[in-house]
>>> print(open('start.pdb').read())   # PDB, C-alpha atoms
ATOM      1  CA  MET A   1      15.451 -11.780 -18.036
ATOM      2  CA  SER A   2      16.223  -8.061 -17.998
ATOM      3  CA  MET A   3      13.373  -5.759 -19.019
ATOM      4  CA  LYS A   4      12.976  -2.074 -19.712
ATOM      5  CA  VAL A   5      10.620  -0.801 -17.016
ATOM      6  CA  ALA A   6       9.287   2.498 -15.736
ATOM      7  CA  PHE A   7       8.274   3.221 -12.153
ATOM      8  CA  ILE A   8       5.840   6.075 -11.504
ATOM      9  CA  GLY A   9       5.699   7.335  -7.912
ATOM     10  CA  LEU A  10       8.607   7.273  -5.457
ATOM     11  CA  GLY A  11       6.867   7.470  -2.104
ATOM     12  CA  VAL A  12       7.746   5.363   0.943
ATOM     13  CA  MET A  13       6.659   2.258  -1.010
ATOM     14  CA  GLY A  14       7.597   3.086  -4.592
ATOM     15  CA  TYR A  15      11.133   4.315  -3.856
ATOM     16  CA  PRO A  16      12.422   0.975  -2.523
ATOM     17  CA  MET A  17      10.262  -1.076  -4.926
ATOM     18  CA  ALA A  18      11.868   0.673  -7.900
ATOM     19  CA  GLY A  19      15.240   0.133  -6.253
ATOM     20  CA  HIS A  20      14.694  -3.621  -6.055
ATOM     21  CA  LEU A  21      13.848  -3.671  -9.776
ATOM     22  CA  ALA A  22      17.113  -1.890 -10.558
ATOM     23  CA  ASN A  23      19.074  -4.216  -8.281
ATOM     24  CA  ALA A  24      17.497  -7.186 -10.078
ATOM     25  CA  GLY A  25      19.113  -5.993 -13.302
ATOM     26  CA  HIS A  26      16.158  -4.324 -15.019
ATOM     27  CA  HIS A  27      16.614  -1.041 -16.893
ATOM     28  CA  VAL A  28      14.562   1.353 -14.749
ATOM     29  CA  THR A  29      13.363   4.869 -15.524
ATOM     30  CA  VAL A  30      11.550   6.614 -12.681
ATOM     31  CA  TYR A  31       9.162   9.533 -12.430
ATOM     32  CA  ASN A  32       8.147  11.404  -9.307
ATOM     33  CA  ARG A  33       6.098  14.568  -8.923
ATOM     34  CA  THR A  34       8.973  16.051  -6.894
ATOM     35  CA  ILE A  35      11.930  15.837  -9.267
ATOM     36  CA  ALA A  36      14.475  16.033  -6.424
ATOM     37  CA  LYS A  37      13.250  12.668  -5.133
ATOM     38  CA  ALA A  38      13.750  11.121  -8.585
ATOM     39  CA  GLN A  39      17.246  12.600  -8.770
ATOM     40  CA  LYS A  40      18.044  11.183  -5.331
ATOM     41  CA  TRP A  41      16.808   7.752  -6.466
ATOM     42  CA  VAL A  42      19.057   7.858  -9.542
ATOM     43  CA  SER A  43      22.028   8.759  -7.342
ATOM     44  CA  GLU A  44      21.397   5.601  -5.283
ATOM     45  CA  TYR A  45      20.499   3.108  -7.999
ATOM     46  CA  GLN A  46      21.346   2.285 -11.588
ATOM     47  CA  GLY A  47      18.705   4.036 -13.687
ATOM     48  CA  HIS A  48      17.315   7.220 -15.137
ATOM     49  CA  TYR A  49      14.567   9.697 -14.344
ATOM     50  CA  SER A  50      12.110  11.567 -16.522
ATOM     51  CA  GLU A  51      10.213  14.793 -15.937
ATOM     52  CA  THR A  52       6.808  13.425 -17.034
ATOM     53  CA  PRO A  53       5.066  10.043 -16.735
ATOM     54  CA  LYS A  54       4.782  10.014 -20.539
ATOM     55  CA  GLU A  55       8.528  10.356 -20.984
ATOM     56  CA  ALA A  56       9.289   7.704 -18.344
ATOM     57  CA  ALA A  57       6.886   5.200 -19.925
ATOM     58  CA  LYS A  58       8.166   5.614 -23.480
ATOM     59  CA  ASP A  59       9.400   2.271 -24.900
ATOM     60  CA  ALA A  60       8.948   0.513 -21.532
ATOM     61  CA  ASP A  61       8.019  -3.171 -21.544
ATOM     62  CA  ILE A  62       6.276  -2.731 -18.182
ATOM     63  CA  VAL A  63       5.140   0.453 -16.445
ATOM     64  CA  PHE A  64       4.672   0.159 -12.677
ATOM     65  CA  MET A  65       2.767   2.798 -10.705
ATOM     66  CA  CYS A  66       2.474   3.421  -6.972
ATOM     67  CA  VAL A  67       0.824   6.761  -6.210
ATOM     68  CA  GLY A  68      -1.672   8.042  -3.643
ATOM     69  CA  ASN A  69      -5.301   7.593  -4.630
ATOM     70  CA  ASP A  70      -7.773   7.425  -7.541
ATOM     71  CA  ASP A  71      -7.198  11.030  -8.587
ATOM     72  CA  ASP A  72      -3.406  10.664  -8.432
ATOM     73  CA  LEU A  73      -3.667   7.546 -10.574
ATOM     74  CA  ARG A  74      -5.738   9.306 -13.227
ATOM     75  CA  SER A  75      -3.274  12.217 -13.247
ATOM     76  CA  VAL A  76      -0.323   9.980 -14.185
ATOM     77  CA  VAL A  77      -2.246   7.749 -16.619
ATOM     78  CA  TYR A  78      -4.317  10.198 -18.690
ATOM     79  CA  GLY A  79      -3.651  13.434 -20.541
ATOM     80  CA  GLU A  80      -0.879  14.597 -22.817
ATOM     81  CA  ASN A  81       1.774  13.791 -20.194
ATOM     82  CA  GLY A  82       0.215  10.548 -18.911
ATOM     83  CA  VAL A  83       1.727   7.109 -19.427
ATOM     84  CA  LEU A  84      -0.920   6.082 -21.964
ATOM     85  CA  ALA A  85       0.265   8.894 -24.242
ATOM     86  CA  SER A  86       3.502   7.025 -24.974
ATOM     87  CA  MET A  87       3.007   3.356 -24.098
ATOM     88  CA  GLN A  88       3.163   0.891 -26.987
ATOM     89  CA  ALA A  89       0.637  -1.820 -27.803
ATOM     90  CA  GLY A  90       1.801  -5.113 -26.306
ATOM     91  CA  SER A  91       3.261  -3.498 -23.188
ATOM     92  CA  TYR A  92       2.040  -3.899 -19.602
ATOM     93  CA  LEU A  93       0.668  -1.359 -17.134
ATOM     94  CA  VAL A  94       0.726  -2.452 -13.481
ATOM     95  CA  ASP A  95      -0.808  -0.365 -10.694
ATOM     96  CA  HIS A  96       0.366  -0.952  -7.115
ATOM     97  CA  THR A  97      -1.664   1.961  -5.717
ATOM     98  CA  THR A  98      -4.536   1.086  -3.378
ATOM     99  CA  THR A  99      -7.551   2.488  -5.239
ATOM    100  CA  SER A 100     -11.206   1.762  -5.807
ATOM    101  CA  ALA A 101     -12.016  -1.274  -7.941
ATOM    102  CA  GLU A 102     -14.000   1.140 -10.114
ATOM    103  CA  VAL A 103     -10.962   3.168 -11.200
ATOM    104  CA  ALA A 104      -9.000  -0.041 -11.805
ATOM    105  CA  ARG A 105     -11.677  -1.215 -14.248
ATOM    106  CA  GLU A 106     -11.787   2.246 -15.852
ATOM    107  CA  VAL A 107      -8.022   2.396 -16.439
ATOM    108  CA  GLY A 108      -8.032  -1.228 -17.556
ATOM    109  CA  ALA A 109     -10.615  -0.484 -20.222
ATOM    110  CA  LYS A 110      -8.696   2.574 -21.486
ATOM    111  CA  ALA A 111      -5.462   0.593 -21.661
ATOM    112  CA  LYS A 112      -7.159  -2.267 -23.497
ATOM    113  CA  GLN A 113      -8.330   0.155 -26.209
ATOM    114  CA  GLN A 114      -4.640   0.801 -26.939
ATOM    115  CA  GLY A 115      -3.658  -2.872 -26.850
ATOM    116  CA  ILE A 116      -1.995  -2.488 -23.441
ATOM    117  CA  ALA A 117      -2.457  -5.111 -20.730
ATOM    118  CA  PHE A 118      -3.489  -3.710 -17.327
ATOM    119  CA  LEU A 119      -3.185  -5.356 -13.921
ATOM    120  CA  ASP A 120      -4.339  -3.834 -10.642
ATOM    121  CA  ALA A 121      -1.832  -5.041  -8.061
ATOM    122  CA  PRO A 122      -2.138  -3.412  -4.620
ATOM    123  CA  VAL A 123       0.406  -4.533  -2.046
ATOM    124  CA  SER A 124       0.539  -5.379   1.638
ATOM    125  CA  GLY A 125       3.549  -5.379   3.925
ATOM    126  CA  GLY A 126       4.065  -1.677   4.528
ATOM    127  CA  GLN A 127       7.225   0.361   4.237
ATOM    128  CA  ALA A 128       9.342  -2.347   5.860
ATOM    129  CA  GLY A 129       7.999  -4.938   3.411
ATOM    130  CA  ALA A 130       8.843  -2.672   0.486
ATOM    131  CA  GLU A 131      12.347  -1.950   1.781
ATOM    132  CA  ASN A 132      13.049  -5.636   2.429
ATOM    133  CA  GLY A 133      11.509  -6.780  -0.862
ATOM    134  CA  VAL A 134       8.947  -9.054   0.798
ATOM    135  CA  LEU A 135       5.606  -7.500  -0.147
ATOM    136  CA  THR A 136       2.434  -9.484  -0.803
ATOM    137  CA  VAL A 137       0.828  -8.538  -4.127
ATOM    138  CA  MET A 138      -2.895  -8.999  -4.840
ATOM    139  CA  VAL A 139      -3.540  -8.985  -8.575
ATOM    140  CA  GLY A 140      -6.491  -8.549 -10.897
ATOM    141  CA  GLY A 141      -6.093  -9.176 -14.622
ATOM    142  CA  ALA A 142      -5.602 -11.856 -17.259
ATOM    143  CA  GLU A 143      -3.673 -15.003 -16.368
ATOM    144  CA  ALA A 144      -1.305 -14.707 -19.344
ATOM    145  CA  ASP A 145      -0.457 -11.101 -18.410
ATOM    146  CA  PHE A 146       0.143 -12.099 -14.792
ATOM    147  CA  GLY A 147       2.514 -14.792 -16.017
ATOM    148  CA  VAL A 148       4.674 -12.174 -17.735
ATOM    149  CA  VAL A 149       4.654  -9.602 -14.937
ATOM    150  CA  GLN A 150       4.896 -11.893 -11.888
ATOM    151  CA  PRO A 151       8.594 -12.823 -12.300
ATOM    152  CA  VAL A 152       9.471  -9.125 -12.535
ATOM    153  CA  MET A 153       7.402  -8.233  -9.443
ATOM    154  CA  ALA A 154       9.316 -10.962  -7.599
ATOM    155  CA  ALA A 155      12.142  -8.422  -7.210
ATOM    156  CA  PHE A 156      10.142  -6.694  -4.456
ATOM    157  CA  SER A 157       7.600  -9.325  -3.378
ATOM    158  CA  ARG A 158       7.553 -12.531  -1.377
ATOM    159  CA  PHE A 159       4.163 -13.680  -2.657
ATOM    160  CA  SER A 160       1.796 -12.641  -5.412
ATOM    161  CA  GLN A 161      -1.582 -14.084  -6.293
ATOM    162  CA  LEU A 162      -3.948 -13.619  -9.229
ATOM    163  CA  LEU A 163      -7.437 -13.189  -7.770
ATOM    164  CA  GLY A 164      -9.494 -12.781 -10.937
ATOM    165  CA  GLU A 165     -10.323 -10.149 -13.532
ATOM    166  CA  VAL A 166      -9.259  -6.503 -13.351
ATOM    167  CA  GLY A 167     -10.486  -4.976 -10.076
ATOM    168  CA  SER A 168     -10.078  -8.217  -8.100
ATOM    169  CA  GLY A 169      -6.734  -7.164  -6.663
ATOM    170  CA  GLN A 170      -8.283  -4.016  -5.219
ATOM    171  CA  LEU A 171     -11.202  -5.993  -3.777
ATOM    172  CA  CYS A 172      -8.742  -8.349  -2.063
ATOM    173  CA  LYS A 173      -6.849  -5.358  -0.636
ATOM    174  CA  MET A 174     -10.143  -4.141   0.827
ATOM    175  CA  VAL A 175     -10.518  -7.501   2.595
ATOM    176  CA  ASN A 176      -6.960  -7.082   3.890
ATOM    177  CA  GLN A 177      -7.672  -3.646   5.369
ATOM    178  CA  ILE A 178     -11.010  -4.757   6.854
ATOM    179  CA  CYS A 179      -9.229  -7.587   8.674
ATOM    180  CA  ILE A 180      -6.390  -5.366   9.891
ATOM    181  CA  ALA A 181      -8.840  -2.822  11.333
ATOM    182  CA  GLY A 182     -10.438  -5.404  13.609
ATOM    183  CA  VAL A 183      -7.150  -6.974  14.667
ATOM    184  CA  VAL A 184      -5.579  -3.639  15.621
ATOM    185  CA  GLN A 185      -8.615  -2.549  17.639
ATOM    186  CA  GLY A 186      -8.616  -5.853  19.500
ATOM    187  CA  LEU A 187      -4.903  -5.554  20.218
ATOM    188  CA  ALA A 188      -5.319  -1.951  21.383
ATOM    189  CA  GLU A 189      -8.094  -2.934  23.811
ATOM    190  CA  GLY A 190      -6.102  -5.939  25.054
ATOM    191  CA  LEU A 191      -3.003  -3.865  25.785
ATOM    192  CA  HIS A 192      -5.099  -1.183  27.480
ATOM    193  CA  PHE A 193      -6.721  -3.849  29.668
ATOM    194  CA  ALA A 194      -3.301  -5.327  30.524
ATOM    195  CA  LYS A 195      -2.037  -1.894  31.615
ATOM    196  CA  GLN A 196      -5.110  -1.278  33.749
ATOM    197  CA  ALA A 197      -4.700  -4.716  35.326
ATOM    198  CA  GLY A 198      -1.068  -3.971  36.195
ATOM    199  CA  LEU A 199       0.311  -6.814  34.098
ATOM    200  CA  ASP A 200       3.773  -7.037  32.538
ATOM    201  CA  GLY A 201       3.062  -6.363  28.858
ATOM    202  CA  GLU A 202       6.177  -8.202  27.655
ATOM    203  CA  LYS A 203       5.217 -11.381  29.512
ATOM    204  CA  VAL A 204       1.565 -11.145  28.465
ATOM    205  CA  ILE A 205       2.429 -10.888  24.762
ATOM    206  CA  GLU A 206       5.153 -13.534  25.011
ATOM    207  CA  THR A 207       2.485 -15.863  26.374
ATOM    208  CA  ILE A 208      -0.590 -15.115  24.256
ATOM    209  CA  SER A 209       1.274 -14.594  20.967
ATOM    210  CA  LYS A 210       2.047 -18.327  20.971
ATOM    211  CA  GLY A 211      -1.662 -19.178  20.840
ATOM    212  CA  ALA A 212      -4.815 -18.298  18.938
ATOM    213  CA  ALA A 213      -4.516 -14.558  19.701
ATOM    214  CA  GLY A 214      -1.212 -14.230  17.857
ATOM    215  CA  SER A 215      -0.982 -11.966  14.800
ATOM    216  CA  TRP A 216       1.487  -9.975  12.701
ATOM    217  CA  GLN A 217       0.247  -6.818  14.416
ATOM    218  CA  MET A 218       0.913  -8.301  17.835
ATOM    219  CA  GLU A 219       4.416  -9.484  16.952
ATOM    220  CA  ASN A 220       5.456  -6.265  15.210
ATOM    221  CA  ARG A 221       3.605  -3.507  17.060
ATOM    222  CA  TYR A 222       3.004  -4.436  20.683
ATOM    223  CA  LYS A 223       6.316  -2.998  21.970
ATOM    224  CA  THR A 224       5.849   0.373  20.300
ATOM    225  CA  MET A 225       2.174   0.490  21.299
ATOM    226  CA  TRP A 226       3.069  -0.272  24.919
ATOM    227  CA  ALA A 227       5.621   2.558  24.797
ATOM    228  CA  GLY A 228       3.120   4.971  23.196
ATOM    229  CA  GLU A 229       5.206   5.302  20.019
ATOM    230  CA  TYR A 230       3.331   5.484  16.724
ATOM    231  CA  GLU A 231       5.837   6.363  14.019
ATOM    232  CA  PHE A 232       6.401   2.902  12.578
ATOM    233  CA  GLY A 233       4.323   2.268   9.513
ATOM    234  CA  PHE A 234       1.209   2.893   7.504
ATOM    235  CA  ALA A 235      -0.364   6.241   8.395
ATOM    236  CA  VAL A 236      -3.861   6.719   9.809
ATOM    237  CA  ASP A 237      -4.689   9.175   7.002
ATOM    238  CA  TRP A 238      -4.002   6.467   4.420
ATOM    239  CA  MET A 239      -5.870   3.802   6.391
ATOM    240  CA  ARG A 240      -8.952   6.025   6.462
ATOM    241  CA  LYS A 241      -8.685   6.391   2.679
ATOM    242  CA  ASP A 242      -8.537   2.609   2.329
ATOM    243  CA  LEU A 243     -11.380   1.911   4.754
ATOM    244  CA  GLY A 244     -13.485   4.550   2.977
ATOM    245  CA  ILE A 245     -12.953   2.681  -0.297
ATOM    246  CA  ALA A 246     -13.994  -0.594   1.363
ATOM    247  CA  LEU A 247     -17.093   0.956   2.945
ATOM    248  CA  ASP A 248     -18.136   2.484  -0.389
ATOM    249  CA  GLU A 249     -17.690  -0.881  -2.112
ATOM    250  CA  ALA A 250     -19.733  -2.550   0.625
ATOM    251  CA  LYS A 251     -22.642  -0.224  -0.116
ATOM    252  CA  ALA A 252     -22.462  -1.334  -3.743
ATOM    253  CA  ASN A 253     -22.176  -5.086  -3.112
ATOM    254  CA  GLY A 254     -24.447  -5.320  -0.082
ATOM    255  CA  ALA A 255     -21.788  -6.405   2.429
ATOM    256  CA  THR A 256     -22.363  -5.528   6.086
ATOM    257  CA  LEU A 257     -19.288  -4.034   7.765
ATOM    258  CA  PRO A 258     -20.302  -2.658  11.190
ATOM    259  CA  MET A 259     -16.904  -3.224  12.821
ATOM    260  CA  THR A 260     -15.080  -1.615   9.896
ATOM    261  CA  ALA A 261     -17.343   1.433  10.022
ATOM    262  CA  THR A 262     -16.780   1.743  13.771
ATOM    263  CA  VAL A 263     -12.981   1.445  13.558
ATOM    264  CA  ASP A 264     -12.964   3.955  10.698
ATOM    265  CA  GLN A 265     -14.602   6.426  13.075
ATOM    266  CA  TYR A 266     -12.082   5.538  15.775
ATOM    267  CA  TYR A 267      -9.341   6.480  13.300
ATOM    268  CA  ALA A 268     -11.191   9.765  12.742
ATOM    269  CA  ASP A 269     -10.840  10.310  16.497
ATOM    270  CA  VAL A 270      -7.081   9.684  16.199
ATOM    271  CA  GLN A 271      -6.935  12.282  13.421
ATOM    272  CA  ALA A 272      -8.754  14.726  15.703
ATOM    273  CA  LEU A 273      -6.041  14.103  18.325
ATOM    274  CA  GLY A 274      -3.499  15.257  15.730
ATOM    275  CA  GLY A 275      -2.475  11.725  14.846
ATOM    276  CA  GLY A 276      -3.157  11.652  11.126
ATOM    277  CA  ARG A 277       0.451  10.679  10.462
ATOM    278  CA  TYR A 278       0.604   8.169  13.326
ATOM    279  CA  ASP A 279       0.740   4.541  12.247
ATOM    280  CA  THR A 280      -2.409   2.413  12.408
ATOM    281  CA  SER A 281      -1.525   0.912  15.807
ATOM    282  CA  SER A 282      -2.397   4.317  17.314
ATOM    283  CA  LEU A 283      -5.919   3.127  18.126
ATOM    284  CA  LEU A 284      -4.427   2.588  21.589
ATOM    285  CA  ALA A 285      -3.648   6.326  21.794
ATOM    286  CA  ARG A 286      -7.358   6.998  21.276
ATOM    287  CA  ILE A 287      -8.368   4.657  24.091
ATOM    288  CA  GLU A 288      -5.816   6.169  26.453
ATOM    289  CA  ALA A 289      -6.909   9.712  25.561
ATOM    290  CA  LEU A 290     -10.515   8.811  26.363
ATOM    291  CA  HIS A 291      -9.449   7.129  29.586
ATOM    292  CA  LYS A 292      -7.712  10.298  30.788
ATOM    293  CA  LYS A 293     -10.875  12.379  30.444
TER     294      LYS A 293
END
>>> encode(input="start.pdb", output="structure tokens")
Amino acid sequence: MSMKVAFIGLGVMGYPMAGHLANAGHHVTVYNRTIAKAQKWVSEYQGHYSETPKEAAKDADIVFMCVGNDDDLRSVVYGENGVLASMQAGSYLVDHTTTSAEVAREVGAKAKQQGIAFLDAPVSGGQAGAENGVLTVMVGGAEADFGVVQPVMAAFSRFSQLLGEVGSGQLCKMVNQICIAGVVQGLAEGLHFAKQAGLDGEKVIETISKGAAGSWQMENRYKTMWAGEYEFGFAVDWMRKDLGIALDEAKANGATLPMTATVDQYYADVQALGGGRYDTSSLLARIEALHKK
């Protein structure tokens, strides 16, 4: 069923996600802080662009958002030009940004006051997942609202799951990032060890990836890591933002995350090497830089 939707935020994730919605036959209006990016999107896909979030969201059945952080989210939701200034009661507001659970609950409460359903719906799968329409979506909100929005999100996702009330999607994304941090550090140390031992990296990974050590990171990043190339995905700067959110939440809920805290600091070392825009597999670059000293 075709819907009238808005998409707020055309970054490396939002741009292709909005494109998949248009290709699925929905009527899409986009907004981006840099208007030229919105104009470029319209030239590629069937749709329209607006110069404010408010204008883009007007009369939309569903408003999707994918921006940078908590402050960016508030800037497109609130105020005279925010989406809540024009959204109608009975519509749906879906946030794909990775934020704190706190801001998700805050925005959810504000939306509810206006009769608007809110779902926090962070995604995993990176730029490639967005471009190929195979993201995983972690959702917090009401089951009935999820039932309406899920078939529309299917345009850019392979799997979506309702985890609980508003904020639960963000909490699940924190688990996701915690797990990735440990896996990438282990892979970085393993590849470093293999190099030091004089092993053939291709043969090592071909062998161990078939067993218990196998992971998405290993399958998709070992070649570029071995070659010292780190321009293939989610940036270190953004990972530090996400791990910071998880560490803050852990202080609030009493969770103990020593490995996460350590890897967060390792990513700070990568930033200090000038690798803030490297992808997250660049933990190997840190190890090799230390080894050269």
>>> closest_residue(input="start.pdb", among="A:Gly190, A:Pro122, A:Gly254, A:Gly274", to="Trp226 of chain A", atoms="all atoms listed in the file")
A:Gly190
>>> closest_residue(input="start.pdb", among="A:Ser91, A:Ser2, A:Gln39, A:Ser75", to="Asp59 of chain A", atoms="all atoms listed in the file")
A:Ser91
>>> resolve_selection(input="start.pdb", expression="the PyMOL selection byres ((chain A and resi 161) around 9)", output="list in words")
Thr136, Val137, Met138, Val139, Gly140, Phe146, Gln150, Phe159, Ser160, Leu162, Leu163 and Gly169 of chain A
>>> residues_around(input="start.pdb", residues="Asn132 of chain A", least_positions_apart="6", cutoff="9 Å", atoms="all atoms listed in the file", output="list in words")
Pro16, His20, Phe156 and Ser157 of chain A
>>> atom_distance(input="start.pdb", atom1="atom CA of Val103 of chain A", atom2="atom CA of Ser86 of chain A")
20.3 Å
>>> residues_near_point(input="start.pdb", point="(9.5, 11.4, -6.8)", cutoff="9 Å", atoms="all atoms listed in the file", output="list in words")
Ile8, Gly9, Leu10, Gly11, Gly14, Tyr15, Val30, Tyr31, Asn32, Arg33, Thr34, Ile35, Ala36, Lys37, Ala38, Gln39, Lys40 and Trp41 of chain A
>>> write_last_selection(input="start.pdb", atoms="C-alpha atoms", output="PDB file, in the coordinates of the input")
ATOM      1  CA  ILE A   8       5.840   6.075 -11.504  1.00  0.00           C
ATOM      2  CA  GLY A   9       5.699   7.335  -7.912  1.00  0.00           C
ATOM      3  CA  LEU A  10       8.607   7.273  -5.457  1.00  0.00           C
ATOM      4  CA  GLY A  11       6.867   7.470  -2.104  1.00  0.00           C
ATOM      5  CA  GLY A  14       7.597   3.086  -4.592  1.00  0.00           C
ATOM      6  CA  TYR A  15      11.133   4.315  -3.856  1.00  0.00           C
ATOM      7  CA  VAL A  30      11.550   6.614 -12.681  1.00  0.00           C
ATOM      8  CA  TYR A  31       9.162   9.533 -12.430  1.00  0.00           C
ATOM      9  CA  ASN A  32       8.147  11.404  -9.307  1.00  0.00           C
ATOM     10  CA  ARG A  33       6.098  14.568  -8.923  1.00  0.00           C
ATOM     11  CA  THR A  34       8.973  16.051  -6.894  1.00  0.00           C
ATOM     12  CA  ILE A  35      11.930  15.837  -9.267  1.00  0.00           C
ATOM     13  CA  ALA A  36      14.475  16.033  -6.424  1.00  0.00           C
ATOM     14  CA  LYS A  37      13.250  12.668  -5.133  1.00  0.00           C
ATOM     15  CA  ALA A  38      13.750  11.121  -8.585  1.00  0.00           C
ATOM     16  CA  GLN A  39      17.246  12.600  -8.770  1.00  0.00           C
ATOM     17  CA  LYS A  40      18.044  11.183  -5.331  1.00  0.00           C
ATOM     18  CA  TRP A  41      16.808   7.752  -6.466  1.00  0.00           C
TER      19      TRP A  41
END
>>> closest_residue(input="start.pdb", among="A:Gln46, A:Gln196, A:Ser100, A:Gln265", to="Ala250 of chain A", atoms="all atoms listed in the file")
A:Ser100
>>> residues_around(input="start.pdb", residues="segment 126-129 of chain A", least_positions_apart="2", cutoff="8 Å", atoms="all atoms listed in the file", output="list in words")
Val12, Met13, Ser124, Glu131, Asn132, Gly133, Val134, Leu135, Gly233 and Phe234 of chain A
>>> write_last_selection(input="start.pdb", atoms="C-alpha atoms", output="PDB file, keeping the file's coordinate frame")
ATOM      1  CA  VAL A  12       7.746   5.363   0.943  1.00  0.00           C
ATOM      2  CA  MET A  13       6.659   2.258  -1.010  1.00  0.00           C
ATOM      3  CA  SER A 124       0.539  -5.379   1.638  1.00  0.00           C
ATOM      4  CA  GLU A 131      12.347  -1.950   1.781  1.00  0.00           C
ATOM      5  CA  ASN A 132      13.049  -5.636   2.429  1.00  0.00           C
ATOM      6  CA  GLY A 133      11.509  -6.780  -0.862  1.00  0.00           C
ATOM      7  CA  VAL A 134       8.947  -9.054   0.798  1.00  0.00           C
ATOM      8  CA  LEU A 135       5.606  -7.500  -0.147  1.00  0.00           C
ATOM      9  CA  GLY A 233       4.323   2.268   9.513  1.00  0.00           C
ATOM     10  CA  PHE A 234       1.209   2.893   7.504  1.00  0.00           C
TER      11      PHE A 234
END
>>> residues_around(input="start.pdb", residues="Lys203 of chain A", least_positions_apart="3", cutoff="12 Å", atoms="only C-alpha atoms", output="PyMOL selection string")
chain A and resi 191+194+198-200+206-210+222-223
>>> write_last_selection(input="start.pdb", atoms="C-alpha atoms", output="PDB file, in the coordinates of the input")
ATOM      1  CA  LEU A 191      -3.003  -3.865  25.785  1.00  0.00           C
ATOM      2  CA  ALA A 194      -3.301  -5.327  30.524  1.00  0.00           C
ATOM      3  CA  GLY A 198      -1.068  -3.971  36.195  1.00  0.00           C
ATOM      4  CA  LEU A 199       0.311  -6.814  34.098  1.00  0.00           C
ATOM      5  CA  ASP A 200       3.773  -7.037  32.538  1.00  0.00           C
ATOM      6  CA  GLU A 206       5.153 -13.534  25.011  1.00  0.00           C
ATOM      7  CA  THR A 207       2.485 -15.863  26.374  1.00  0.00           C
ATOM      8  CA  ILE A 208      -0.590 -15.115  24.256  1.00  0.00           C
ATOM      9  CA  SER A 209       1.274 -14.594  20.967  1.00  0.00           C
ATOM     10  CA  LYS A 210       2.047 -18.327  20.971  1.00  0.00           C
ATOM     11  CA  TYR A 222       3.004  -4.436  20.683  1.00  0.00           C
ATOM     12  CA  LYS A 223       6.316  -2.998  21.970  1.00  0.00           C
TER      13      LYS A 223
END
>>> resolve_selection(input="start.pdb", expression="the PyMOL selection byres ((chain A and resi 244-248) around 8)", output="short mmCIF file (atom, residue, chain, number, x, y, z; two decimals) with C-alpha atoms, in the frame of the given file")
data_model
loop_
_atom_site.label_atom_id
_atom_site.label_comp_id
_atom_site.auth_asym_id
_atom_site.auth_seq_id
_atom_site.Cartn_x
_atom_site.Cartn_y
_atom_site.Cartn_z
CA THR A 99 -7.55 2.49 -5.24
CA SER A 100 -11.21 1.76 -5.81
CA LEU A 171 -11.20 -5.99 -3.78
CA MET A 174 -10.14 -4.14 0.83
CA VAL A 175 -10.52 -7.50 2.60
CA ILE A 178 -11.01 -4.76 6.85
CA ARG A 240 -8.95 6.02 6.46
CA LYS A 241 -8.68 6.39 2.68
CA ASP A 242 -8.54 2.61 2.33
CA LEU A 243 -11.38 1.91 4.75
CA GLU A 249 -17.69 -0.88 -2.11
CA ALA A 250 -19.73 -2.55 0.62
CA LYS A 251 -22.64 -0.22 -0.12
CA ALA A 252 -22.46 -1.33 -3.74
CA LEU A 257 -19.29 -4.03 7.76
CA THR A 260 -15.08 -1.62 9.90
CA ALA A 261 -17.34 1.43 10.02
CA ASP A 264 -12.96 3.96 10.70
#
>>> closest_residue(input="start.pdb", among="A:Tyr78, A:Tyr45, A:Phe193, A:Tyr92", to="His291 of chain A", atoms="only C-alpha atoms")
A:Phe193
>>> build_atoms(input="start.pdb", residues="segment 148-157 of chain A", atoms="N, CA and C atoms", output="PDB file, keeping the file's coordinate frame")
ATOM      1  N   VAL A 148       3.543 -12.988 -17.253  1.00  0.00           N
ATOM      2  CA  VAL A 148       4.674 -12.174 -17.735  1.00  0.00           C
ATOM      3  C   VAL A 148       5.201 -11.255 -16.634  1.00  0.00           C
ATOM      4  N   VAL A 149       4.283 -10.636 -15.907  1.00  0.00           N
ATOM      5  CA  VAL A 149       4.654  -9.602 -14.937  1.00  0.00           C
ATOM      6  C   VAL A 149       5.142 -10.178 -13.607  1.00  0.00           C
ATOM      7  N   GLN A 150       4.597 -11.333 -13.206  1.00  0.00           N
ATOM      8  CA  GLN A 150       4.896 -11.893 -11.888  1.00  0.00           C
ATOM      9  C   GLN A 150       6.394 -12.101 -11.619  1.00  0.00           C
ATOM     10  N   PRO A 151       7.159 -12.642 -12.572  1.00  0.00           N
ATOM     11  CA  PRO A 151       8.594 -12.823 -12.300  1.00  0.00           C
ATOM     12  C   PRO A 151       9.336 -11.498 -12.099  1.00  0.00           C
ATOM     13  N   VAL A 152       8.846 -10.438 -12.701  1.00  0.00           N
ATOM     14  CA  VAL A 152       9.471  -9.125 -12.535  1.00  0.00           C
ATOM     15  C   VAL A 152       9.112  -8.550 -11.159  1.00  0.00           C
ATOM     16  N   MET A 153       7.844  -8.696 -10.761  1.00  0.00           N
ATOM     17  CA  MET A 153       7.402  -8.233  -9.443  1.00  0.00           C
ATOM     18  C   MET A 153       8.125  -8.979  -8.320  1.00  0.00           C
ATOM     19  N   ALA A 154       8.618 -10.162  -8.620  1.00  0.00           N
ATOM     20  CA  ALA A 154       9.316 -10.962  -7.599  1.00  0.00           C
ATOM     21  C   ALA A 154      10.526 -10.233  -7.024  1.00  0.00           C
ATOM     22  N   ALA A 155      11.010  -9.209  -7.723  1.00  0.00           N
ATOM     23  CA  ALA A 155      12.142  -8.422  -7.210  1.00  0.00           C
ATOM     24  C   ALA A 155      11.799  -7.740  -5.894  1.00  0.00           C
ATOM     25  N   PHE A 156      10.518  -7.393  -5.692  1.00  0.00           N
ATOM     26  CA  PHE A 156      10.142  -6.694  -4.456  1.00  0.00           C
ATOM     27  C   PHE A 156       9.044  -7.403  -3.669  1.00  0.00           C
ATOM     28  N   SER A 157       8.692  -8.632  -4.065  1.00  0.00           N
ATOM     29  CA  SER A 157       7.600  -9.325  -3.378  1.00  0.00           C
ATOM     30  C   SER A 157       8.013 -10.723  -2.927  1.00  0.00           C
TER      31      SER A 157
END
